[in-house]
file data_2.pdb (PDB, N, CA and C atoms)
ATOM      1  N   MET M 254      10.398  30.455  21.582
ATOM      2  CA  MET M 254       9.225  29.759  22.066
ATOM      3  C   MET M 254       7.964  30.535  21.728
ATOM      4  N   ASP M 255       8.063  31.849  21.682
ATOM      5  CA  ASP M 255       6.906  32.663  21.326
ATOM      6  C   ASP M 255       6.469  32.404  19.890
ATOM      7  N   VAL M 256       7.440  32.151  19.014
ATOM      8  CA  VAL M 256       7.122  31.881  17.615
ATOM      9  C   VAL M 256       6.347  30.568  17.498
ATOM     10  N   VAL M 257       6.762  29.555  18.250
ATOM     11  CA  VAL M 257       6.073  28.262  18.221
ATOM     12  C   VAL M 257       4.646  28.407  18.739
ATOM     13  N   LYS M 258       4.466  29.148  19.811
ATOM     14  CA  LYS M 258       3.117  29.371  20.344
ATOM     15  C   LYS M 258       2.244  30.116  19.343
ATOM     16  N   GLU M 259       2.830  31.079  18.657
ATOM     17  CA  GLU M 259       2.083  31.845  17.656
ATOM     18  C   GLU M 259       1.670  30.952  16.486
ATOM     19  N   ILE M 260       2.565  30.085  16.055
ATOM     20  CA  ILE M 260       2.247  29.166  14.958
ATOM     21  C   ILE M 260       1.136  28.210  15.374
ATOM     22  N   ILE M 261       1.200  27.699  16.586
ATOM     23  CA  ILE M 261       0.170  26.778  17.067
ATOM     24  C   ILE M 261      -1.173  27.489  17.175
ATOM     25  N   GLN M 262      -1.183  28.715  17.665
ATOM     26  CA  GLN M 262      -2.438  29.460  17.802
ATOM     27  C   GLN M 262      -3.086  29.744  16.453
ATOM     28  N   ASN M 263      -2.282  29.959  15.424
ATOM     29  CA  ASN M 263      -2.814  30.274  14.098
ATOM     30  C   ASN M 263      -3.029  29.044  13.237
ATOM     31  N   SER M 264      -2.740  27.867  13.749
ATOM     32  CA  SER M 264      -2.925  26.641  12.978
ATOM     33  C   SER M 264      -4.315  26.068  13.230
ATOM     34  N   ALA M 265      -4.574  24.911  12.638
ATOM     35  CA  ALA M 265      -5.885  24.265  12.777
ATOM     36  C   ALA M 265      -6.133  23.763  14.196
ATOM     37  N   ILE M 266      -5.064  23.509  14.963
ATOM     38  CA  ILE M 266      -5.257  23.011  16.326
ATOM     39  C   ILE M 266      -5.327  24.137  17.349
ATOM     40  N   GLY M 267      -5.286  25.376  16.891
ATOM     41  CA  GLY M 267      -5.317  26.534  17.788
ATOM     42  C   GLY M 267      -6.511  26.579  18.715
ATOM     43  N   PRO M 268      -7.731  26.393  18.201
ATOM     44  CA  PRO M 268      -8.905  26.498  19.092
ATOM     45  C   PRO M 268      -9.188  25.242  19.910
ATOM     46  N   LEU M 269      -8.433  24.187  19.711
ATOM     47  CA  LEU M 269      -8.676  22.947  20.451
ATOM     48  C   LEU M 269      -8.241  23.091  21.910
ATOM     49  N   PRO M 270      -8.797  22.265  22.790
ATOM     50  CA  PRO M 270      -8.349  22.279  24.194
ATOM     51  C   PRO M 270      -6.886  21.846  24.320
ATOM     52  N   MET M 271      -6.279  22.173  25.443
ATOM     53  CA  MET M 271      -4.854  21.911  25.650
ATOM     54  C   MET M 271      -4.521  20.424  25.567
ATOM     55  N   GLY M 272      -5.405  19.564  26.037
ATOM     56  CA  GLY M 272      -5.149  18.121  25.979
ATOM     57  C   GLY M 272      -5.021  17.620  24.556
ATOM     58  N   TYR M 273      -5.898  18.103  23.666
ATOM     59  CA  TYR M 273      -5.832  17.694  22.270
ATOM     60  C   TYR M 273      -4.588  18.259  21.590
ATOM     61  N   LYS M 274      -4.220  19.482  21.962
ATOM     62  CA  LYS M 274      -2.997  20.058  21.395
ATOM     63  C   LYS M 274      -1.789  19.220  21.758
ATOM     64  N   ARG M 275      -1.719  18.811  23.016
ATOM     65  CA  ARG M 275      -0.595  17.978  23.457
ATOM     66  C   ARG M 275      -0.583  16.649  22.733
ATOM     67  N   LEU M 276      -1.761  16.065  22.534
ATOM     68  CA  LEU M 276      -1.857  14.788  21.836
ATOM     69  C   LEU M 276      -1.397  14.916  20.387
ATOM     70  N   VAL M 277      -1.848  15.953  19.702
ATOM     71  CA  VAL M 277      -1.467  16.164  18.306
ATOM     72  C   VAL M 277       0.027  16.453  18.191
ATOM     73  N   LEU M 278       0.545  17.283  19.061
ATOM     74  CA  LEU M 278       1.971  17.616  19.004
ATOM     75  C   LEU M 278       2.847  16.415  19.355
ATOM     76  N   SER M 279       2.410  15.602  20.323
ATOM     77  CA  SER M 279       3.200  14.417  20.663
ATOM     78  C   SER M 279       3.171  13.394  19.534
ATOM     79  N   LEU M 280       2.035  13.279  18.848
ATOM     80  CA  LEU M 280       1.961  12.393  17.691
ATOM     81  C   LEU M 280       2.888  12.877  16.588
ATOM     82  N   PHE M 281       2.896  14.180  16.333
ATOM     83  CA  PHE M 281       3.779  14.752  15.321
ATOM     84  C   PHE M 281       5.250  14.538  15.677
ATOM     85  N   VAL M 282       5.596  14.772  16.925
ATOM     86  CA  VAL M 282       6.986  14.592  17.350
ATOM     87  C   VAL M 282       7.398  13.129  17.255
ATOM     88  N   SER M 283       6.510  12.210  17.606
ATOM     89  CA  SER M 283       6.851  10.791  17.515
ATOM     90  C   SER M 283       7.046  10.367  16.064
ATOM     91  N   ILE M 284       6.247  10.901  15.137
ATOM     92  CA  ILE M 284       6.431  10.586  13.719
ATOM     93  C   ILE M 284       7.759  11.136  13.213
ATOM     94  N   VAL M 285       8.087  12.363  13.578
ATOM     95  CA  VAL M 285       9.347  12.968  13.133
ATOM     96  C   VAL M 285      10.545  12.213  13.705
ATOM     97  N   CYS M 286      10.479  11.821  14.976
ATOM     98  CA  CYS M 286      11.580  11.066  15.579
ATOM     99  C   CYS M 286      11.741   9.709  14.911
ATOM    100  N   THR M 287      10.630   9.060  14.586
ATOM    101  CA  THR M 287      10.691   7.784  13.887
ATOM    102  C   THR M 287      11.324   7.942  12.514
ATOM    103  N   LEU M 288      10.980   8.997  11.804
ATOM    104  CA  LEU M 288      11.571   9.242  10.489
ATOM    105  C   LEU M 288      13.068   9.509  10.584
ATOM    106  N   PHE M 289      13.504  10.286  11.572
ATOM    107  CA  PHE M 289      14.938  10.523  11.736
ATOM    108  C   PHE M 289      15.677   9.246  12.110
ATOM    109  N   PHE M 290      15.062   8.405  12.929
ATOM    110  CA  PHE M 290      15.665   7.131  13.289
ATOM    111  C   PHE M 290      15.796   6.235  12.057
ATOM    112  N   MET M 291      14.760   6.193  11.225
ATOM    113  CA  MET M 291      14.813   5.382  10.010
ATOM    114  C   MET M 291      15.844   5.922   9.025
ATOM    115  N   LEU M 292      15.968   7.244   8.931
ATOM    116  CA  LEU M 292      16.983   7.836   8.066
ATOM    117  C   LEU M 292      18.384   7.489   8.554
ATOM    118  N   THR M 293      18.584   7.533   9.867
ATOM    119  CA  THR M 293      19.884   7.170  10.435
ATOM    120  C   THR M 293      20.232   5.717  10.132
ATOM    121  N   LEU M 294      19.252   4.823  10.315
ATOM    122  CA  LEU M 294      19.497   3.418   9.997
ATOM    123  C   LEU M 294      19.796   3.222   8.514
ATOM    124  N   LEU M 295      19.089   3.942   7.664
ATOM    125  CA  LEU M 295      19.328   3.836   6.228
ATOM    126  C   LEU M 295      20.711   4.337   5.855
ATOM    127  N   LEU M 296      21.152   5.426   6.464
ATOM    128  CA  LEU M 296      22.483   5.954   6.160
ATOM    129  C   LEU M 296      23.585   5.039   6.673
ATOM    130  N   ILE M 297      23.354   4.384   7.810
ATOM    131  CA  ILE M 297      24.363   3.493   8.370
ATOM    132  C   ILE M 297      24.416   2.178   7.606
ATOM    133  N   ASN M 298      23.249   1.591   7.339
ATOM    134  CA  ASN M 298      23.200   0.248   6.761
ATOM    135  C   ASN M 298      22.779   0.223   5.303
ATOM    136  N   GLY M 299      22.629   1.360   4.664
ATOM    137  CA  GLY M 299      22.129   1.399   3.301
ATOM    138  C   GLY M 299      23.062   0.785   2.283
ATOM    139  N   ALA M 300      24.350   0.863   2.495
ATOM    140  CA  ALA M 300      25.314   0.332   1.520
ATOM    141  C   ALA M 300      25.319  -1.191   1.521
ATOM    142  N   THR M 301      24.927  -1.793   2.604
ATOM    143  CA  THR M 301      24.953  -3.261   2.675
ATOM    144  C   THR M 301      23.580  -3.905   2.446
ATOM    145  N   ALA M 302      22.584  -3.108   2.150
ATOM    146  CA  ALA M 302      21.232  -3.644   1.952
ATOM    147  C   ALA M 302      21.125  -4.280   0.575
ATOM    148  N   ASN M 303      20.495  -5.437   0.518
ATOM    149  CA  ASN M 303      20.274  -6.129  -0.746
ATOM    150  C   ASN M 303      18.803  -5.991  -1.133
ATOM    151  N   PHE M 304      18.577  -5.493  -2.335
ATOM    152  CA  PHE M 304      17.227  -5.336  -2.835
ATOM    153  C   PHE M 304      17.004  -6.316  -3.977
ATOM    154  N   HIS M 305      15.922  -7.042  -3.911
ATOM    155  CA  HIS M 305      15.556  -7.976  -4.952
ATOM    156  C   HIS M 305      14.214  -7.563  -5.512
ATOM    157  N   TYR M 306      14.200  -7.243  -6.794
ATOM    158  CA  TYR M 306      12.973  -6.850  -7.444
ATOM    159  C   TYR M 306      12.442  -8.034  -8.239
ATOM    160  N   GLY M 307      11.208  -8.291  -8.131
ATOM    161  CA  GLY M 307      10.607  -9.380  -8.894
ATOM    162  C   GLY M 307       9.326  -9.846  -8.251
ATOM    163  N   TYR M 308       8.747 -10.830  -8.853
ATOM    164  CA  TYR M 308       7.476 -11.370  -8.364
ATOM    165  C   TYR M 308       7.653 -12.753  -7.805
TER     166      TYR M 308
END
call {"tool": "encode", "arguments": {"input": "data_2.pdb", "output": "structure tokens"}}
result
Amino acid sequence: MDVVKEIIQNSAIGPLPMGYKRLVLSLFVSIVCTLFFMLTLLLINGATANFHYGY
């Protein structure tokens, strides 16, 4: 946990107030969770997906 605090202090959000830090970190975590969820769906259903290329 000390390493994470050190990284946050030395990053661009280090001097921001605690509320903004929480907002930025929660936004980052929500994006990462969404990406992992989409990757899981792709791995589960990717073999049955039909792609049609054209206009």
call {"tool": "atom_distance", "arguments": {"input": "data_2.pdb", "atom1": "atom N of M:Phe290", "atom2": "atom CA of M:Leu276"}}
result
20.2 Å
call {"tool": "atom_distance", "arguments": {"input": "data_2.pdb", "atom1": "atom CA of M:Glu259", "atom2": "atom CA of M:Arg275"}}
result
15.3 Å
call {"tool": "atom_distance", "arguments": {"input": "data_2.pdb", "atom1": "atom N of M:Leu292", "atom2": "atom C of M:Leu280"}}
result
16.2 Å
call {"tool": "build_atoms", "arguments": {"input": "data_2.pdb", "residues": "stretch 277-302 of chain M", "atoms": "N, CA, C and O atoms", "output": "mmCIF file, keeping the file's coordinate frame"}}
result
data_model
loop_
_atom_site.group_PDB
_atom_site.id
_atom_site.type_symbol
_atom_site.label_atom_id
_atom_site.label_comp_id
_atom_site.auth_asym_id
_atom_site.auth_seq_id
_atom_site.Cartn_x
_atom_site.Cartn_y
_atom_site.Cartn_z
ATOM 1 N N VAL M 277 -1.848 15.953 19.702
ATOM 2 C CA VAL M 277 -1.467 16.164 18.306
ATOM 3 C C VAL M 277 0.027 16.453 18.191
ATOM 4 O O VAL M 277 0.709 15.899 17.323
ATOM 5 N N LEU M 278 0.545 17.283 19.061
ATOM 6 C CA LEU M 278 1.971 17.616 19.004
ATOM 7 C C LEU M 278 2.847 16.415 19.355
ATOM 8 O O LEU M 278 3.889 16.195 18.741
ATOM 9 N N SER M 279 2.410 15.602 20.323
ATOM 10 C CA SER M 279 3.200 14.417 20.663
ATOM 11 C C SER M 279 3.171 13.394 19.534
ATOM 12 O O SER M 279 4.179 12.741 19.258
ATOM 13 N N LEU M 280 2.035 13.279 18.848
ATOM 14 C CA LEU M 280 1.961 12.393 17.691
ATOM 15 C C LEU M 280 2.888 12.877 16.588
ATOM 16 O O LEU M 280 3.621 12.089 15.986
ATOM 17 N N PHE M 281 2.896 14.180 16.333
ATOM 18 C CA PHE M 281 3.779 14.752 15.321
ATOM 19 C C PHE M 281 5.250 14.538 15.677
ATOM 20 O O PHE M 281 6.054 14.145 14.820
ATOM 21 N N VAL M 282 5.596 14.772 16.925
ATOM 22 C CA VAL M 282 6.986 14.592 17.350
ATOM 23 C C VAL M 282 7.398 13.129 17.255
ATOM 24 O O VAL M 282 8.522 12.821 16.838
ATOM 25 N N SER M 283 6.510 12.210 17.606
ATOM 26 C CA SER M 283 6.851 10.791 17.515
ATOM 27 C C SER M 283 7.046 10.367 16.064
ATOM 28 O O SER M 283 7.951 9.587 15.760
ATOM 29 N N ILE M 284 6.247 10.901 15.137
ATOM 30 C CA ILE M 284 6.431 10.586 13.719
ATOM 31 C C ILE M 284 7.759 11.136 13.213
ATOM 32 O O ILE M 284 8.504 10.449 12.506
ATOM 33 N N VAL M 285 8.087 12.363 13.578
ATOM 34 C CA VAL M 285 9.347 12.968 13.133
ATOM 35 C C VAL M 285 10.545 12.213 13.705
ATOM 36 O O VAL M 285 11.516 11.950 12.993
ATOM 37 N N CYS M 286 10.479 11.821 14.976
ATOM 38 C CA CYS M 286 11.580 11.066 15.579
ATOM 39 C C CYS M 286 11.741 9.709 14.911
ATOM 40 O O CYS M 286 12.873 9.254 14.670
ATOM 41 N N THR M 287 10.630 9.060 14.586
ATOM 42 C CA THR M 287 10.691 7.784 13.887
ATOM 43 C C THR M 287 11.324 7.942 12.514
ATOM 44 O O THR M 287 12.151 7.116 12.093
ATOM 45 N N LEU M 288 10.980 8.997 11.804
ATOM 46 C CA LEU M 288 11.571 9.242 10.489
ATOM 47 C C LEU M 288 13.068 9.509 10.584
ATOM 48 O O LEU M 288 13.848 9.019 9.757
ATOM 49 N N PHE M 289 13.504 10.286 11.572
ATOM 50 C CA PHE M 289 14.938 10.523 11.736
ATOM 51 C C PHE M 289 15.677 9.246 12.110
ATOM 52 O O PHE M 289 16.789 9.005 11.647
ATOM 53 N N PHE M 290 15.062 8.405 12.929
ATOM 54 C CA PHE M 290 15.665 7.131 13.289
ATOM 55 C C PHE M 290 15.796 6.235 12.057
ATOM 56 O O PHE M 290 16.835 5.614 11.841
ATOM 57 N N MET M 291 14.760 6.193 11.225
ATOM 58 C CA MET M 291 14.813 5.382 10.010
ATOM 59 C C MET M 291 15.844 5.922 9.025
ATOM 60 O O MET M 291 16.546 5.145 8.364
ATOM 61 N N LEU M 292 15.968 7.244 8.931
ATOM 62 C CA LEU M 292 16.983 7.836 8.066
ATOM 63 C C LEU M 292 18.384 7.489 8.554
ATOM 64 O O LEU M 292 19.271 7.172 7.760
ATOM 65 N N THR M 293 18.584 7.533 9.867
ATOM 66 C CA THR M 293 19.884 7.170 10.435
ATOM 67 C C THR M 293 20.232 5.717 10.132
ATOM 68 O O THR M 293 21.359 5.409 9.718
ATOM 69 N N LEU M 294 19.252 4.823 10.315
ATOM 70 C CA LEU M 294 19.497 3.418 9.997
ATOM 71 C C LEU M 294 19.796 3.222 8.514
ATOM 72 O O LEU M 294 20.667 2.424 8.143
ATOM 73 N N LEU M 295 19.089 3.942 7.664
ATOM 74 C CA LEU M 295 19.328 3.836 6.228
ATOM 75 C C LEU M 295 20.711 4.337 5.855
ATOM 76 O O LEU M 295 21.400 3.729 5.033
ATOM 77 N N LEU M 296 21.152 5.426 6.464
ATOM 78 C CA LEU M 296 22.483 5.954 6.160
ATOM 79 C C LEU M 296 23.585 5.039 6.673
ATOM 80 O O LEU M 296 24.633 4.902 6.041
ATOM 81 N N ILE M 297 23.354 4.384 7.810
ATOM 82 C CA ILE M 297 24.363 3.493 8.370
ATOM 83 C C ILE M 297 24.416 2.178 7.606
ATOM 84 O O ILE M 297 25.491 1.686 7.259
ATOM 85 N N ASN M 298 23.249 1.591 7.339
ATOM 86 C CA ASN M 298 23.200 0.248 6.761
ATOM 87 C C ASN M 298 22.779 0.223 5.303
ATOM 88 O O ASN M 298 22.597 -0.860 4.741
ATOM 89 N N GLY M 299 22.629 1.360 4.664
ATOM 90 C CA GLY M 299 22.129 1.399 3.301
ATOM 91 C C GLY M 299 23.062 0.785 2.283
ATOM 92 O O GLY M 299 22.612 0.200 1.297
ATOM 93 N N ALA M 300 24.350 0.863 2.495
ATOM 94 C CA ALA M 300 25.314 0.332 1.520
ATOM 95 C C ALA M 300 25.319 -1.191 1.521
ATOM 96 O O ALA M 300 25.693 -1.808 0.509
ATOM 97 N N THR M 301 24.927 -1.793 2.604
ATOM 98 C CA THR M 301 24.953 -3.261 2.675
ATOM 99 C C THR M 301 23.580 -3.905 2.446
ATOM 100 O O THR M 301 23.467 -5.113 2.502
ATOM 101 N N ALA M 302 22.584 -3.108 2.150
ATOM 102 C CA ALA M 302 21.232 -3.644 1.952
ATOM 103 C C ALA M 302 21.125 -4.280 0.575
ATOM 104 O O ALA M 302 21.632 -3.752 -0.421
#
